[in-house]
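Structure first, commentary second.
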Amino acid sequence: MNVPAAVPPKQRKPDWIRVKAPVSEGYHATRRLMRELNLATVCEEAACPNIGECWTKKHATVMILGDTCTRACAFCNVKTGMPRAVDPLEPEHVATAAAELGLEHIVVTSVDRDDLPDGGASQFVKVIEALRRNTPNTTIEILTPDFRNKAESAVDAIVAAGPDVFNHNLETVPRLYPTIRPGARYYASLRLLESVKRKAPHIFTKSGLMVGLGEQRLEVHQVMDDMRSAGVDFLTMGQYLQPTPRHAKVEEFVTPSAFDAYAAIGRAKGFLLVAASPLTRSSYHAGDDFRKMQESRAAQLERANG
Ligand code: SF4
C-alpha cells in the first residue's frame, strides 16, 4: 500500500504539502461508523495526510484482513507482526459501511497476509460478493498485496469475482526494492498486473508510485514503460512522507511542477489516466477518477471505431 504518513517534526515540510487537521462532523461520523463495525482503515493505520478531506466527504479506504501486516516495508506505518484470525463478519461489515456511507465507489485494501494459504484472496472475493449483494450500484476498487508465492488460482478467484478496478502498487523503482520493499519483488508485482489485464481486459488496472525516496527521473520513466507493457490503465504518483523516524528518510520533496511534468509524460506514454501531485495517494479521489477512466476508455473506443 502506498499511503505514507505525516512527516516527523525534524523534516520540514514544504508549504505545498501542509494539510488541515481533521475536525469536521463528517470526519467524526465516518470514524464512529468504522469503530461500530470493527473495521480498520488504511486512512488511519497509515496516518494518511488526506484523512480530514476524505472523511469529511465520507470517503474511507477499508483495510480488510486485520490491522497487522506480515511484511515490514520501510515506508509503511501499518504495524508488523502475527495477524489475528480472519474475521468472518468482515465482508458483511464492509457492505454495511458502504451502504451507510452511501458510497458510489468503494476502495478496499488489505495488509499482506503471507501466513494464509491464499494470501487472503478468498476474503477479497467474499467482500466483493457482499458488496454486490448489498449495494449493487457501488463500483468496487480493490488495492491488493502481491500474492507472492501463492497459487495463481488465488488471483484468478478475485478476477472472477469481478472488481471494477484492480489496483496493485509498484510503490518505487526496482533499484530501491531491497531497502524500501524488501519482502516484494518488482517483476512479481509487474507480472500480477499483467496477468489481471490478460485474464480480464475489461477490468481497469491501476498502479502507484511514491516519489522522493531517491529515485531518478529516468528510472521513473522506465517504470511507466513497464506499467504500460503490463497494460496498466491508471497511474497514481504522490510524495513519500516519512511516518516516523524509524522509517525511510525523505530524500527529496518533489515540486508540484515536477509532478506536472511526470503527469504529462505518463499521459504521452498512453495511460488512460494519470493522477500525480504531492498529496496523491492510491485511493485519493478514487471515485471521480474511476468515472474519468470510464470516459477516457469510451473516447478511446470511439476513436478506434472511426
Ligand atoms: S487518500 Fe485514501 S487513504 Fe488517504 S484518507 Fe483518502 S481515502 Fe483514506
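Each chain of the C-alpha cells is named A, B, ... in the order shown, its residues numbered from 1; ligands are numbered from 1 in display order.
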Region 220-237 of chain A: which residues within 10 Å, counting only C-alpha atoms, same-chain residues fewer than 6 positions away excluded, as a PyMOL selection string? chain A and resi 2+165-174+186-187+190-198+201+203-211+259+262-263+265-267+269-284+289-290+293+297
Would you save the residues of that selection, restricted to C-alpha atoms, as a compact mmCIF listing (two decimals), in the first residue's frame?
```
# COMPACT_ATOMS: atom_id res chain seq x y z
CA ASN A 2 1.38 3.38 -0.77
CA VAL A 165 -10.71 -1.71 -10.68
CA PHE A 166 -7.76 -3.92 -9.72
CA ASN A 167 -5.00 -1.87 -8.15
CA HIS A 168 -1.60 -3.09 -7.09
CA ASN A 169 1.11 -0.57 -6.34
CA LEU A 170 4.67 -0.96 -7.59
CA GLU A 171 5.50 1.72 -4.97
CA THR A 172 9.04 2.55 -6.11
CA VAL A 173 11.68 1.91 -8.78
CA PRO A 174 13.26 -1.58 -8.89
CA TYR A 186 9.45 -5.77 -8.67
CA TYR A 187 8.87 -8.21 -11.53
CA LEU A 190 4.51 -6.31 -12.55
CA ARG A 191 3.51 -9.84 -13.56
CA LEU A 192 0.48 -9.67 -11.25
CA LEU A 193 -0.77 -6.55 -13.03
CA GLU A 194 -0.05 -8.06 -16.44
CA SER A 195 -1.88 -11.28 -15.61
CA VAL A 196 -5.01 -9.47 -14.35
CA LYS A 197 -5.18 -7.44 -17.57
CA ARG A 198 -4.61 -10.54 -19.72
CA PRO A 201 -9.15 -6.88 -20.16
CA ILE A 203 -11.20 -4.66 -15.53
CA PHE A 204 -9.35 -1.38 -15.14
CA THR A 205 -5.85 -1.88 -13.75
CA LYS A 206 -4.14 0.74 -11.67
CA SER A 207 -0.76 1.13 -10.00
CA GLY A 208 1.01 3.74 -7.92
CA LEU A 209 4.45 5.11 -7.20
CA MET A 210 5.81 7.14 -4.32
CA VAL A 211 8.49 9.66 -5.20
CA PHE A 259 4.69 16.22 -10.70
CA TYR A 262 5.61 13.38 -14.74
CA ALA A 263 1.86 13.51 -15.44
CA ILE A 265 4.98 12.13 -19.70
CA GLY A 266 2.65 9.47 -18.29
CA ARG A 267 -0.19 10.65 -20.50
CA LYS A 269 3.03 7.04 -22.73
CA GLY A 270 -0.60 6.06 -23.13
CA PHE A 271 -2.14 5.70 -19.65
CA LEU A 272 -5.90 6.24 -19.72
CA LEU A 273 -5.46 8.41 -16.66
CA VAL A 274 -2.59 9.82 -14.59
CA ALA A 275 -3.02 11.42 -11.15
CA ALA A 276 0.23 12.98 -9.97
CA SER A 277 0.58 15.56 -7.21
CA PRO A 278 2.32 15.77 -3.84
CA LEU A 279 -0.77 14.56 -1.94
CA THR A 280 -1.99 11.99 -4.46
CA ARG A 281 -2.50 8.58 -2.87
CA SER A 282 -3.81 5.35 -4.41
CA SER A 283 -7.32 5.96 -3.17
CA TYR A 284 -7.39 9.76 -3.27
CA ASP A 289 -11.08 9.17 -11.17
CA PHE A 290 -12.98 5.94 -11.87
CA MET A 293 -11.25 6.43 -16.62
CA ARG A 297 -11.89 4.38 -22.35
```
Counting only C-alpha atoms and all ligand atoms, what are the residues, protein, DNA or RNA alike, that approach ligand 1 to within 8 Å? I want them as a compact mmCIF listing (two decimals) with C-alpha atoms, in the first residue's frame.
```
# COMPACT_ATOMS: atom_id res chain seq x y z
CA VAL A 3 -0.27 5.55 1.81
CA THR A 41 -8.94 1.77 7.52
CA VAL A 42 -5.68 2.45 5.78
CA CYS A 43 -6.50 6.13 6.22
CA GLU A 44 -5.85 5.77 9.96
CA ALA A 46 -1.06 4.64 7.59
CA ALA A 47 -1.78 8.10 9.05
CA CYS A 48 -2.74 9.42 5.63
CA PRO A 49 -2.40 13.20 5.34
CA ASN A 50 -5.69 13.43 3.41
CA ILE A 51 -7.87 11.96 6.14
CA GLY A 52 -9.51 15.30 7.03
CA GLU A 53 -10.59 15.96 3.45
CA CYS A 54 -11.58 12.39 2.57
CA TRP A 55 -13.51 11.53 5.72
CA HIS A 59 -14.57 8.56 1.56
CA ALA A 60 -12.68 5.95 3.55
CA THR A 61 -10.47 3.11 2.35
CA VAL A 107 -11.81 1.17 -2.25
CA LEU A 279 -0.77 14.56 -1.94
CA THR A 280 -1.99 11.99 -4.46
CA ARG A 281 -2.50 8.58 -2.87
CA SER A 282 -3.81 5.35 -4.41
CA SER A 283 -7.32 5.96 -3.17
CA TYR A 284 -7.39 9.76 -3.27
CA HIS A 285 -10.44 10.92 -5.32
CA ALA A 286 -10.77 7.31 -6.50
```
Excluding same-chain residues fewer than 4 positions from Met34 (chain A), what lies within 10 Å of it counting only C-alpha atoms, as a list in words? His28, Ala29, Thr30, Asn38, Leu39, Ala40, Thr41, Ala60, Val62, His93, Val94 and Ala97 of chain A
Report as a Markdown table: every residue of region 68-87 of chain A with an atom at most 12 Å from region 127-148 of chain A, its closest pair of atoms, and their distance in Å to one decimal, counting only C-alpha atoms, with rows sorted by chain and ascending residue number.
```
| residue | atom | partner | partner_atom | distance |
| --- | --- | --- | --- | --- |
| A:Cys69 | CA | A:Pro145 | CA | 10.4 |
| A:Thr70 | CA | A:Pro145 | CA | 11.0 |
| A:Arg71 | CA | A:Pro145 | CA | 10.4 |
| A:Asp87 | CA | A:Val127 | CA | 11.5 |
```
Would you export the selected residues with C-alpha atoms as a PDB file, in the first residue's frame, please?
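selection.pdb written:
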```pdb
ATOM      1  CA  CYS A  69       0.860  -6.963   8.311  1.00  0.00           C
ATOM      2  CA  THR A  70       3.260  -9.863   7.836  1.00  0.00           C
ATOM      3  CA  ARG A  71       5.754  -7.649   5.981  1.00  0.00           C
ATOM      4  CA  ASP A  87     -12.952 -12.116  10.812  1.00  0.00           C
TER       5      ASP A  87
END
```
Determine which residues of region 3-234 of chain A receive a DSSP assignment of alpha helix (DSSP H), computed from the backbone, and state them as a VMD selection string. chain A and resid 25 to 36 42 to 45 51 to 56 90 to 101 121 to 134 152 to 161 177 to 180 186 to 199 217 to 229
Quick one: of A:Thr244, A:Thr255, A:Thr68, A:Thr56, who's nearest to Leu101 (chain A), counting only C-alpha atoms? A:Thr56
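Proximity of A:Glu219, A:Ala200, A:Ser189, A:Ala95 to Leu176 (chain A), computed with only C-alpha atoms, is greatest for A:Glu219.
Put simply, CA of Gln239 (chain A) is 8.7 Å away from CA of Ile17 (chain A).
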If you run DSSP on the backbone, which residues of region 191-249 of chain A are strand (DSSP E or B), as a PyMOL selection string? chain A and resi 204-211+234-239
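A straight line drawn from CA of Phe253 (chain A) to CA of Gly212 (chain A) is 5.7 Å long.
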Please report as a tab-separated table every residue of region 50-92 of chain A lying within 12 Å of region 109-120 of chain A, along with the nearest atom pair and their distance in Å (one decimal), using only C-alpha atoms.
```
residue	atom	partner	partner_atom	distance
A:Ala60	CA	A:Thr109	CA	10.7
A:Thr61	CA	A:Thr109	CA	6.9
A:Val62	CA	A:Thr109	CA	6.1
A:Met63	CA	A:Ser110	CA	4.6
A:Ile64	CA	A:Ser110	CA	4.7
A:Leu65	CA	A:Ser110	CA	5.9
A:Gly66	CA	A:Val111	CA	7.1
A:Asp67	CA	A:Val111	CA	6.8
A:Thr68	CA	A:Val111	CA	6.6
A:Cys69	CA	A:Val111	CA	4.9
A:Thr70	CA	A:Asp112	CA	5.7
A:Arg71	CA	A:Asp112	CA	6.5
A:Ala72	CA	A:Asp112	CA	9.6
A:Cys73	CA	A:Asp112	CA	10.5
A:Cys76	CA	A:Val111	CA	10.7
A:Asn77	CA	A:Val111	CA	11.2
A:Val78	CA	A:Val111	CA	8.0
A:Lys79	CA	A:Val111	CA	9.4
A:Thr80	CA	A:Val111	CA	9.4
A:Gly81	CA	A:Arg113	CA	10.3
A:Met82	CA	A:Asp115	CA	8.1
A:Pro83	CA	A:Arg113	CA	7.8
A:Arg84	CA	A:Arg113	CA	10.3
A:Ala85	CA	A:Leu116	CA	9.6
A:Val86	CA	A:Gly120	CA	8.6
A:Asp87	CA	A:Gly120	CA	11.3
A:Glu90	CA	A:Ser110	CA	11.8
```
Output N, CA and C atoms for every residue in that selection, as a JSON list (two decimals), in the first residue's frame.
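For reference, part_29.json as written:
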```json
[["chain", "number", "residue", "atom", "x", "y", "z"],
["A", 60, "ALA", "N", -13.68, 6.63, 2.73],
["A", 60, "ALA", "CA", -12.68, 5.95, 3.55],
["A", 60, "ALA", "C", -12.22, 4.71, 2.80],
["A", 61, "THR", "N", -10.97, 4.34, 2.98],
["A", 61, "THR", "CA", -10.47, 3.11, 2.35],
["A", 61, "THR", "C", -10.38, 2.03, 3.42],
["A", 62, "VAL", "N", -11.24, 1.04, 3.27],
["A", 62, "VAL", "CA", -11.33, -0.02, 4.27],
["A", 62, "VAL", "C", -10.16, -0.98, 4.10],
["A", 63, "MET", "N", -9.58, -1.38, 5.23],
["A", 63, "MET", "CA", -8.45, -2.31, 5.19],
["A", 63, "MET", "C", -8.90, -3.63, 5.80],
["A", 64, "ILE", "N", -9.05, -4.65, 4.95],
["A", 64, "ILE", "CA", -9.55, -5.93, 5.44],
["A", 64, "ILE", "C", -8.40, -6.82, 5.91],
["A", 65, "LEU", "N", -8.76, -7.95, 6.49],
["A", 65, "LEU", "CA", -7.80, -8.95, 6.97],
["A", 65, "LEU", "C", -6.99, -8.46, 8.16],
["A", 66, "GLY", "N", -7.59, -7.51, 8.90],
["A", 66, "GLY", "CA", -6.97, -7.07, 10.15],
["A", 66, "GLY", "C", -6.09, -5.85, 9.99],
["A", 67, "ASP", "N", -5.42, -5.48, 11.09],
["A", 67, "ASP", "CA", -4.59, -4.28, 11.06],
["A", 67, "ASP", "C", -3.11, -4.60, 11.25],
["A", 68, "THR", "N", -2.76, -5.87, 11.11],
["A", 68, "THR", "CA", -1.37, -6.28, 11.33],
["A", 68, "THR", "C", -0.83, -6.97, 10.08],
["A", 69, "CYS", "N", 0.30, -6.50, 9.58],
["A", 69, "CYS", "CA", 0.86, -6.96, 8.31],
["A", 69, "CYS", "C", 2.01, -7.93, 8.56],
["A", 70, "THR", "N", 2.16, -8.91, 7.66],
["A", 70, "THR", "CA", 3.26, -9.86, 7.84],
["A", 70, "THR", "C", 4.56, -9.35, 7.21],
["A", 71, "ARG", "N", 4.51, -8.22, 6.54],
["A", 71, "ARG", "CA", 5.75, -7.65, 5.98],
["A", 71, "ARG", "C", 6.14, -6.39, 6.77],
["A", 72, "ALA", "N", 7.32, -5.88, 6.47],
["A", 72, "ALA", "CA", 7.79, -4.69, 7.19],
["A", 72, "ALA", "C", 8.46, -3.75, 6.17],
["A", 73, "CYS", "N", 7.66, -3.15, 5.31],
["A", 73, "CYS", "CA", 8.22, -2.24, 4.30],
["A", 73, "CYS", "C", 8.72, -0.97, 4.99],
["A", 76, "CYS", "N", 6.10, 2.12, 5.24],
["A", 76, "CYS", "CA", 4.70, 1.94, 5.62],
["A", 76, "CYS", "C", 4.52, 1.92, 7.14],
["A", 77, "ASN", "N", 3.48, 2.60, 7.60],
["A", 77, "ASN", "CA", 3.24, 2.76, 9.04],
["A", 77, "ASN", "C", 2.35, 1.66, 9.63],
["A", 78, "VAL", "N", 1.82, 0.78, 8.78],
["A", 78, "VAL", "CA", 0.96, -0.29, 9.30],
["A", 78, "VAL", "C", 1.81, -1.23, 10.15],
["A", 79, "LYS", "N", 1.27, -1.66, 11.31],
["A", 79, "LYS", "CA", 2.12, -2.45, 12.21],
["A", 79, "LYS", "C", 2.40, -3.85, 11.66],
["A", 80, "THR", "N", 3.57, -4.37, 12.03],
["A", 80, "THR", "CA", 4.02, -5.68, 11.55],
["A", 80, "THR", "C", 3.93, -6.69, 12.69],
["A", 81, "GLY", "N", 3.58, -7.91, 12.37],
["A", 81, "GLY", "CA", 3.55, -8.95, 13.40],
["A", 81, "GLY", "C", 2.77, -10.15, 12.91],
["A", 82, "MET", "N", 2.32, -10.96, 13.86],
["A", 82, "MET", "CA", 1.50, -12.12, 13.50],
["A", 82, "MET", "C", 0.04, -11.69, 13.59],
["A", 83, "PRO", "N", -0.66, -11.64, 12.47],
["A", 83, "PRO", "CA", -2.04, -11.14, 12.49],
["A", 83, "PRO", "C", -2.99, -12.09, 13.21],
["A", 84, "ARG", "N", -4.15, -11.54, 13.59],
["A", 84, "ARG", "CA", -5.21, -12.36, 14.21],
["A", 84, "ARG", "C", -5.92, -13.17, 13.14],
["A", 85, "ALA", "N", -6.80, -14.10, 13.61],
["A", 85, "ALA", "CA", -7.58, -14.91, 12.66],
["A", 85, "ALA", "C", -8.48, -13.99, 11.81],
["A", 86, "VAL", "N", -8.79, -14.46, 10.61],
["A", 86, "VAL", "CA", -9.65, -13.69, 9.70],
["A", 86, "VAL", "C", -11.05, -13.58, 10.30],
["A", 87, "ASP", "N", -11.62, -12.37, 10.25],
["A", 87, "ASP", "CA", -12.95, -12.12, 10.81],
["A", 87, "ASP", "C", -14.03, -12.50, 9.79],
["A", 90, "GLU", "N", -16.39, -9.73, 8.56],
["A", 90, "GLU", "CA", -15.82, -8.55, 7.89],
["A", 90, "GLU", "C", -16.50, -8.23, 6.54]]
```
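Using only C-alpha atoms for every distance, the candidate list A:Ala188, A:Lys249, A:Pro163, A:Ile180 yields A:Ala188 as the residue closest to Lys150 (chain A).
Coordinates place CA of Arg175 (chain A) at a distance of 26.2 Å from CA of Glu152 (chain A).
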